[in-house]
Amino acid sequence: MYYLWEMASSKSLMNLLTFSFGSAIGFFLCYLLFSMILEEQVEIQPHILHNDPHGQHSEDTDNNQLQGQMNFNADSGQHRDENRNIADGLYEKVKILCWVMTGPQNLEKKARHVKATWAQRCNKILFMSSEENKDFPTVGLETKEGRDQLYWKTIKAFQYVYDHYFDDADWFMKADDDTYVILDNLRWLLSKYSPEQPIYFGRRFKPYVKQGYMSGGAGYVLSKEALKRFVTAFKTNKCSHSSSIEDLALGKCMEIINVQAGDSRDTSGRETFHPFVPEHLLIRGYLPKTFWYWNYNYYPAVEGPGCCSDLAVSFHYVDSMTMYHLEYLVYHLRPYGYSYRYDPDSAKGLEEQNKNEAQEDNPKLKQKTSEN
Amino acid sequence: MLSESSSFMKGVLLGGIFCVVVTLLGHVKIGHGTRAHHHEHHHIQAPNKEEVLNLSEDEQLELSQSIRVYCIVLVKPKDIGHWAAVKETWSKHCDKAEFYSSEDVKVFNAVVLNTNDMWTMMRKAYKITYERYKDEFNWFFLAYPTTFAIIENLKYFLLKKDPAQPFYIGHTMKSGDLEYVDGEGGIVLSIESLRRLSHVFEDSDKCPEQGGMIWKLSEDKQLAVCLKYTGVIAENAEDSEGKDVFNTKSVNALIKEAMASRPEQVVDGCCSDMAITFNGLSPNHMHVMMYGVYRLRPYGHTYSDALVFLPPAGSDND
């Protein structure tokens, strides 16, 4: 009897032990699982390389496809301290007509966000599509869609602008529906030139054309005279109508009709038109050394902070999310009271301007403290 | 044998269930913090333009110099990418910034705390900071390496606030009765708050070194508990339009969120012009923010600001 009871109790003791052991394991596994789930998730962006120098768009990945629209300018209350006199003056003085290359399938996906952000700042904005759309609205160029139609669409678009709006602007800017343009900075650049000059600006590329040609995606802007010559060149057959590479074909035509390829760099020598988003240019090593970009640049290409002017004019391959992000960074978020390093109106070079830095023994400070 | 394996399985099951129950009951950060309505919050506003317009240039400079911010960044070796980015970007704009690391890392200078526990790290960091810097700075900003901060906007926000008062400011959340500043948006303490904090550290009843029993309170909640005992309450920071200036998410995430809630409409801008922090940025994004905040701008827009901040010496990305 006693022996049986001993057997039974040792068995239940065994059971108890395995039960406890099991619950410990169960608890531990659950703990591990929760720790993994709750760990910080930081945004991981895919590393993107655009392999076509002529800015033609392969199937877009739609990672950041936005459904809605955001209006940053609704809260004008935050801009009560802002003085826009100089910008407003330039708006009157340097009249820019912008036309955006788009298509029926991109109106909702892309063009809509252009319309909600930078397009409002052009003196006149037109959206060019193969078909007319009265609601958006878009101009119908009566072409087909597709990569091989791009140059044809460009010619017809400029023709349309020349026929309807030639007297309404001084400069004529072409952009894609994934280009972000900072109009204020474009006006500052162009204010130093006359619209009567035969000249055009953009991100200057080296190959194929002696004076270089402008990247299509980064956007380019023609003077009044340049537009006139361009349109005339097709009427008189000086330039050819067929090409699948829009920006190159335009560049070749410009050279033929003696329109100068301008230098769009700022007073410190930094590029203003960009064929990519800021991240691809600011991060050293993002674009591999074998990438086509390094060989295409007319001027020596720079990566890191020297890549890009403070007064940048354009970025390309801008998805809908980045449109609003740039809109916020450029026109809204700012560091209060910050004295910018680069002074665009200064006659001095950047080196000299940099002396306006906080120093440990800032003479202004020393004077202050000694006076107290 | 069979009865043993079945009791083993029963044990595993019970252990798992017990763990889940404790997790759910415990103070774990899965959206347990909630935003109460604004009128239940203590909230604190940025100064109005009118308050600061009538200052002479000398007064402006003096005022700018009088707000001295010391930055604490809590790091671990696994954060090395973010650590490097913070070091190269926004931390240069603090009057002084130091990295408080769980362990020594050869590549970077840091104050070594010799612990992996976040609350212990925070305690030690604040303790050391108070001991060393109580006479040199009047405001103390603590951040994680995934945060990007604009110190100039922080200083503007603190403009009319007296550091001799107990301020504890950031992006607040509520967990039950406890209102706390979410660490991911950055935590701002005035010198007075830091002084009170360093005293309550001595009291292990009110402010224990170890958090809860099984699941510890997250370190930012723990901080709020300790501060509450000293009479310091968390306050949410907003601009003059009522927008948060400390953000626990990135600009992209905030844009997405604002749009997702109302895809049919045109929504209001997501974020304040005077935003101080964003969180969840990759190291690359920090470099982009430096360019976007301190350099990229539209020509011909000027501001008459009451404060003047010069660019830091020896830096090329701002």
# chains A, B, ... in the order shown; residues from 1 in each chain; ligands from 1
call {"tool": "interface_residues", "arguments": {"of": "chain B", "to": "chain A", "cutoff": "6 Å", "atoms": "only C-alpha atoms", "output": "JSON, numbers by chain"}}
result
{"B": [4, 7, 8, 11, 12, 14, 15, 16, 19, 152, 153, 259, 263, 266, 267, 268, 269, 273, 280, 288, 292, 293, 295, 296, 297, 298, 299, 300, 301, 302, 303, 305, 307, 308, 309, 310, 311, 312, 313, 317]}
call {"tool": "write_last_selection", "arguments": {"atoms": "N, CA and C atoms", "output": "short mmCIF file (atom, residue, chain, number, x, y, z; two decimals), in the first residue's frame"}}
result
data_model
loop_
_atom_site.label_atom_id
_atom_site.label_comp_id
_atom_site.auth_asym_id
_atom_site.auth_seq_id
_atom_site.Cartn_x
_atom_site.Cartn_y
_atom_site.Cartn_z
N GLU B 4 3.54 12.12 -18.92
CA GLU B 4 4.55 13.18 -18.76
C GLU B 4 4.53 14.15 -19.94
N SER B 7 1.54 16.32 -19.75
CA SER B 7 1.64 17.40 -18.77
C SER B 7 2.65 18.44 -19.24
N PHE B 8 3.63 18.01 -20.00
CA PHE B 8 4.56 18.97 -20.59
C PHE B 8 3.81 19.92 -21.51
N GLY B 11 1.75 22.25 -19.78
CA GLY B 11 2.60 23.28 -19.19
C GLY B 11 2.94 24.37 -20.19
N VAL B 12 3.35 23.94 -21.40
CA VAL B 12 3.70 24.91 -22.45
C VAL B 12 2.52 25.82 -22.74
N LEU B 14 -0.06 26.52 -20.84
CA LEU B 14 -0.36 27.42 -19.74
C LEU B 14 0.64 28.56 -19.68
N GLY B 15 1.93 28.19 -19.88
CA GLY B 15 2.98 29.21 -19.85
C GLY B 15 2.74 30.26 -20.91
N GLY B 16 2.39 29.79 -22.12
CA GLY B 16 2.12 30.73 -23.21
C GLY B 16 0.95 31.65 -22.89
N CYS B 19 1.86 34.22 -20.31
CA CYS B 19 2.71 35.25 -20.89
C CYS B 19 1.89 36.25 -21.68
N GLU B 152 17.22 74.85 -33.73
CA GLU B 152 16.83 76.26 -33.82
C GLU B 152 15.34 76.41 -33.52
N ASN B 153 14.53 75.51 -34.02
CA ASN B 153 13.10 75.58 -33.75
C ASN B 153 12.80 75.25 -32.30
N MET B 259 -3.50 61.36 -45.42
CA MET B 259 -4.26 61.10 -46.64
C MET B 259 -5.11 59.87 -46.52
N PRO B 263 -9.18 59.89 -48.22
CA PRO B 263 -8.63 59.88 -49.58
C PRO B 263 -9.45 60.68 -50.58
N VAL B 266 -9.13 66.90 -50.12
CA VAL B 266 -7.81 67.52 -50.04
C VAL B 266 -7.57 67.82 -48.56
N VAL B 267 -6.58 67.19 -47.97
CA VAL B 267 -6.38 67.36 -46.53
C VAL B 267 -5.43 68.51 -46.24
N ASP B 268 -5.49 69.00 -45.04
CA ASP B 268 -4.61 70.06 -44.56
C ASP B 268 -3.16 69.57 -44.47
N GLY B 269 -2.24 70.49 -44.61
CA GLY B 269 -0.83 70.13 -44.47
C GLY B 269 -0.58 69.35 -43.19
N ASP B 273 5.23 74.27 -39.67
CA ASP B 273 6.39 74.94 -40.26
C ASP B 273 7.54 74.99 -39.27
N GLY B 280 11.94 57.95 -36.88
CA GLY B 280 11.81 56.84 -37.81
C GLY B 280 12.53 57.10 -39.12
N VAL B 288 19.21 63.94 -46.15
CA VAL B 288 18.27 64.67 -47.01
C VAL B 288 17.59 65.77 -46.21
N GLY B 292 17.31 69.65 -46.91
CA GLY B 292 15.97 70.20 -47.05
C GLY B 292 15.67 71.30 -46.03
N VAL B 293 16.19 71.17 -44.82
CA VAL B 293 15.90 72.14 -43.77
C VAL B 293 16.86 73.32 -43.82
N ARG B 295 19.27 74.17 -46.12
CA ARG B 295 19.81 74.76 -47.35
C ARG B 295 18.71 75.04 -48.38
N LEU B 296 18.00 74.01 -48.80
CA LEU B 296 17.02 74.16 -49.87
C LEU B 296 15.94 75.15 -49.50
N ARG B 297 15.73 76.15 -50.33
CA ARG B 297 14.71 77.14 -50.04
C ARG B 297 14.35 77.90 -51.33
N PRO B 298 13.21 78.62 -51.33
CA PRO B 298 12.81 79.37 -52.52
C PRO B 298 13.34 80.80 -52.43
N TYR B 299 13.96 81.26 -53.50
CA TYR B 299 14.52 82.60 -53.52
C TYR B 299 13.42 83.65 -53.37
N GLY B 300 13.72 84.69 -52.60
CA GLY B 300 12.80 85.82 -52.54
C GLY B 300 11.77 85.75 -51.42
N HIS B 301 11.91 84.76 -50.54
CA HIS B 301 11.04 84.70 -49.37
C HIS B 301 11.89 85.01 -48.15
N THR B 302 11.60 86.09 -47.45
CA THR B 302 12.41 86.42 -46.28
C THR B 302 11.55 86.49 -45.03
N TYR B 303 12.23 86.39 -43.90
CA TYR B 303 11.54 86.43 -42.61
C TYR B 303 12.28 87.39 -41.70
N ASP B 305 13.09 87.36 -38.21
CA ASP B 305 13.04 86.53 -37.01
C ASP B 305 13.64 87.26 -35.82
N LEU B 307 15.34 85.84 -33.43
CA LEU B 307 16.59 85.22 -32.97
C LEU B 307 17.54 85.07 -34.15
N VAL B 308 18.82 84.96 -33.82
CA VAL B 308 19.81 84.77 -34.86
C VAL B 308 20.66 83.56 -34.51
N PHE B 309 20.74 82.61 -35.44
CA PHE B 309 21.60 81.44 -35.22
C PHE B 309 22.57 81.32 -36.38
N LEU B 310 23.85 81.25 -36.05
CA LEU B 310 24.85 81.12 -37.11
C LEU B 310 25.12 79.64 -37.40
N PRO B 311 25.54 79.33 -38.62
CA PRO B 311 25.86 77.94 -38.95
C PRO B 311 27.04 77.45 -38.11
N PRO B 312 27.06 76.16 -37.72
CA PRO B 312 28.18 75.66 -36.90
C PRO B 312 29.48 75.62 -37.68
N ALA B 313 30.58 75.77 -36.95
CA ALA B 313 31.89 75.81 -37.58
C ALA B 313 32.26 74.46 -38.16
N ASN B 317 27.37 70.49 -44.60
CA ASN B 317 26.07 70.04 -45.10
C ASN B 317 24.91 70.87 -44.55
#
call {"tool": "select_by_dssp", "arguments": {"residues": "region 247-337 of chain A", "states": "strand (DSSP E)", "output": "short mmCIF file (atom, residue, chain, number, x, y, z; two decimals) with N, CA and C atoms, in the first residue's frame"}}
result
data_model
loop_
_atom_site.label_atom_id
_atom_site.label_comp_id
_atom_site.auth_asym_id
_atom_site.auth_seq_id
_atom_site.Cartn_x
_atom_site.Cartn_y
_atom_site.Cartn_z
N GLN A 260 21.69 78.70 -77.79
CA GLN A 260 22.80 78.35 -76.90
C GLN A 260 22.36 77.46 -75.74
N ALA A 261 23.16 76.44 -75.42
CA ALA A 261 22.92 75.63 -74.23
C ALA A 261 23.52 76.37 -73.04
N SER A 314 15.05 71.95 -59.98
CA SER A 314 14.21 70.78 -60.26
C SER A 314 14.82 69.49 -59.76
N PHE A 315 13.93 68.52 -59.53
CA PHE A 315 14.32 67.13 -59.24
C PHE A 315 13.46 66.23 -60.09
#
call {"tool": "closest_residue", "arguments": {"among": "B:Ala85, B:Ile169, B:Leu254, B:Leu142", "to": "Phe157 (chain B)", "atoms": "only C-alpha atoms"}}
result
B:Ile169
call {"tool": "atom_distance", "arguments": {"atom1": "CA of Cys270 (chain B)", "atom2": "CA of Asp220 (chain B)"}}
result
25.2 Å
call {"tool": "residues_around", "arguments": {"residues": "region 88-103 of chain B", "least_positions_apart": "5", "cutoff": "6 Å", "atoms": "only C-alpha atoms", "output": "list in words"}}
result
Val69, Tyr70, Cys71, Ile72, Val73, Leu74, Val75, Lys76, Ala110, Val111, Val112, Leu113, Asn114, Thr115 and Asn116 of chain B
call {"tool": "write_last_selection", "arguments": {"atoms": "all heavy atoms", "output": "compact mmCIF listing (two decimals), in the first residue's frame"}}
result
# COMPACT_ATOMS: atom_id res chain seq x y z
N VAL B 69 21.17 74.66 -25.11
CA VAL B 69 20.59 73.31 -25.15
C VAL B 69 21.70 72.26 -25.18
O VAL B 69 22.59 72.29 -26.03
CB VAL B 69 19.70 73.16 -26.41
CG1 VAL B 69 19.19 71.74 -26.54
CG2 VAL B 69 18.52 74.13 -26.35
N TYR B 70 21.60 71.31 -24.25
CA TYR B 70 22.52 70.17 -24.21
C TYR B 70 21.77 68.95 -24.72
O TYR B 70 20.65 68.68 -24.25
CB TYR B 70 23.01 69.94 -22.78
CG TYR B 70 23.88 68.71 -22.62
CD1 TYR B 70 25.23 68.74 -22.98
CD2 TYR B 70 23.35 67.53 -22.09
CE1 TYR B 70 26.03 67.62 -22.83
CE2 TYR B 70 24.15 66.40 -21.95
CZ TYR B 70 25.49 66.45 -22.31
OH TYR B 70 26.28 65.34 -22.17
N CYS B 71 22.36 68.25 -25.68
CA CYS B 71 21.67 67.11 -26.29
C CYS B 71 22.24 65.78 -25.82
O CYS B 71 23.46 65.57 -25.87
CB CYS B 71 21.78 67.19 -27.82
SG CYS B 71 20.97 68.65 -28.51
N ILE B 72 21.34 64.89 -25.39
CA ILE B 72 21.72 63.52 -24.99
C ILE B 72 21.15 62.58 -26.04
O ILE B 72 19.95 62.58 -26.28
CB ILE B 72 21.07 63.15 -23.64
CG1 ILE B 72 21.54 64.09 -22.54
CG2 ILE B 72 21.37 61.70 -23.28
CD1 ILE B 72 20.72 63.97 -21.27
N VAL B 73 22.00 61.76 -26.66
CA VAL B 73 21.50 60.77 -27.60
C VAL B 73 21.84 59.38 -27.04
O VAL B 73 23.01 59.07 -26.86
CB VAL B 73 22.10 60.95 -29.00
CG1 VAL B 73 21.45 60.02 -30.00
CG2 VAL B 73 21.98 62.39 -29.46
N LEU B 74 20.82 58.60 -26.75
CA LEU B 74 21.03 57.26 -26.19
C LEU B 74 21.24 56.26 -27.33
O LEU B 74 20.35 56.06 -28.14
CB LEU B 74 19.83 56.82 -25.35
CG LEU B 74 19.51 57.62 -24.10
CD1 LEU B 74 18.29 57.02 -23.40
CD2 LEU B 74 20.70 57.62 -23.15
N VAL B 75 22.41 55.63 -27.35
CA VAL B 75 22.72 54.73 -28.47
C VAL B 75 23.19 53.37 -27.98
O VAL B 75 23.64 53.22 -26.85
CB VAL B 75 23.82 55.33 -29.38
CG1 VAL B 75 23.30 56.50 -30.16
CG2 VAL B 75 25.03 55.72 -28.57
N LYS B 76 23.06 52.41 -28.87
CA LYS B 76 23.64 51.08 -28.65
C LYS B 76 24.45 50.73 -29.90
O LYS B 76 24.18 51.28 -30.97
CB LYS B 76 22.52 50.06 -28.46
CG LYS B 76 21.71 50.27 -27.22
CD LYS B 76 20.65 49.20 -27.04
CE LYS B 76 20.00 49.40 -25.67
NZ LYS B 76 18.89 48.50 -25.43
N ALA B 110 31.99 58.17 -26.85
CA ALA B 110 30.69 58.14 -26.19
C ALA B 110 30.91 58.10 -24.69
O ALA B 110 31.99 57.73 -24.21
CB ALA B 110 29.89 56.92 -26.62
N VAL B 111 29.87 58.47 -23.95
CA VAL B 111 29.89 58.24 -22.51
C VAL B 111 29.36 56.82 -22.32
O VAL B 111 28.24 56.51 -22.70
CB VAL B 111 28.96 59.25 -21.78
CG1 VAL B 111 28.96 58.96 -20.29
CG2 VAL B 111 29.42 60.67 -22.07
N VAL B 112 30.18 55.96 -21.75
CA VAL B 112 29.82 54.54 -21.68
C VAL B 112 29.03 54.28 -20.40
O VAL B 112 29.48 54.61 -19.31
CB VAL B 112 31.07 53.66 -21.72
CG1 VAL B 112 30.68 52.20 -21.70
CG2 VAL B 112 31.87 53.97 -22.98
N LEU B 113 27.85 53.67 -20.57
CA LEU B 113 26.97 53.48 -19.43
C LEU B 113 27.02 52.06 -18.87
O LEU B 113 26.53 51.81 -17.78
CB LEU B 113 25.53 53.82 -19.83
CG LEU B 113 25.33 55.25 -20.33
CD1 LEU B 113 23.94 55.45 -20.90
CD2 LEU B 113 25.58 56.25 -19.21
N ASN B 114 27.58 51.14 -19.64
CA ASN B 114 27.73 49.75 -19.19
C ASN B 114 26.43 49.10 -18.77
O ASN B 114 26.35 48.43 -17.74
CB ASN B 114 28.74 49.66 -18.03
CG ASN B 114 30.14 49.90 -18.55
OD1 ASN B 114 30.52 49.39 -19.59
ND2 ASN B 114 30.91 50.70 -17.84
N THR B 115 25.38 49.34 -19.52
CA THR B 115 24.14 48.62 -19.29
C THR B 115 23.35 48.60 -20.58
O THR B 115 23.46 49.51 -21.39
CB THR B 115 23.29 49.27 -18.17
OG1 THR B 115 21.99 48.64 -18.17
CG2 THR B 115 23.09 50.76 -18.43
N ASN B 116 22.55 47.55 -20.75
CA ASN B 116 21.75 47.45 -21.96
C ASN B 116 20.31 47.87 -21.73
O ASN B 116 19.54 48.01 -22.66
CB ASN B 116 21.73 46.00 -22.44
CG ASN B 116 22.38 45.90 -23.81
OD1 ASN B 116 22.16 46.75 -24.65
ND2 ASN B 116 23.18 44.88 -23.99
call {"tool": "atom_distance", "arguments": {"atom1": "CA of Val100 (chain A)", "atom2": "CA of Glu132 (chain A)"}}
result
13.7 Å
call {"tool": "residues_around", "arguments": {"residues": "Pro137 (chain A)", "least_positions_apart": "6", "cutoff": "12 Å", "atoms": "only C-alpha atoms", "output": "number ranges by chain"}}
result
A: 100, 102-104, 107-108, 111-112, 115, 125-129, 131
call {"tool": "atom_distance", "arguments": {"atom1": "CA of Asp170 (chain A)", "atom2": "CA of Lys93 (chain A)"}}
result
9.0 Å
call {"tool": "residues_around", "arguments": {"residues": "region 199-203 of chain B", "least_positions_apart": "2", "cutoff": "8 Å", "atoms": "only C-alpha atoms", "output": "PyMOL selection string"}}
result
chain B and resi 123+195-197+205-208+226-227+229-230
call {"tool": "select_by_dssp", "arguments": {"residues": "region 91-221 of chain A", "states": "helix (DSSP H, G or I)", "output": "PyMOL selection string"}}
result
chain A and resi 91-93+104-116+118-121+147-168+183-190
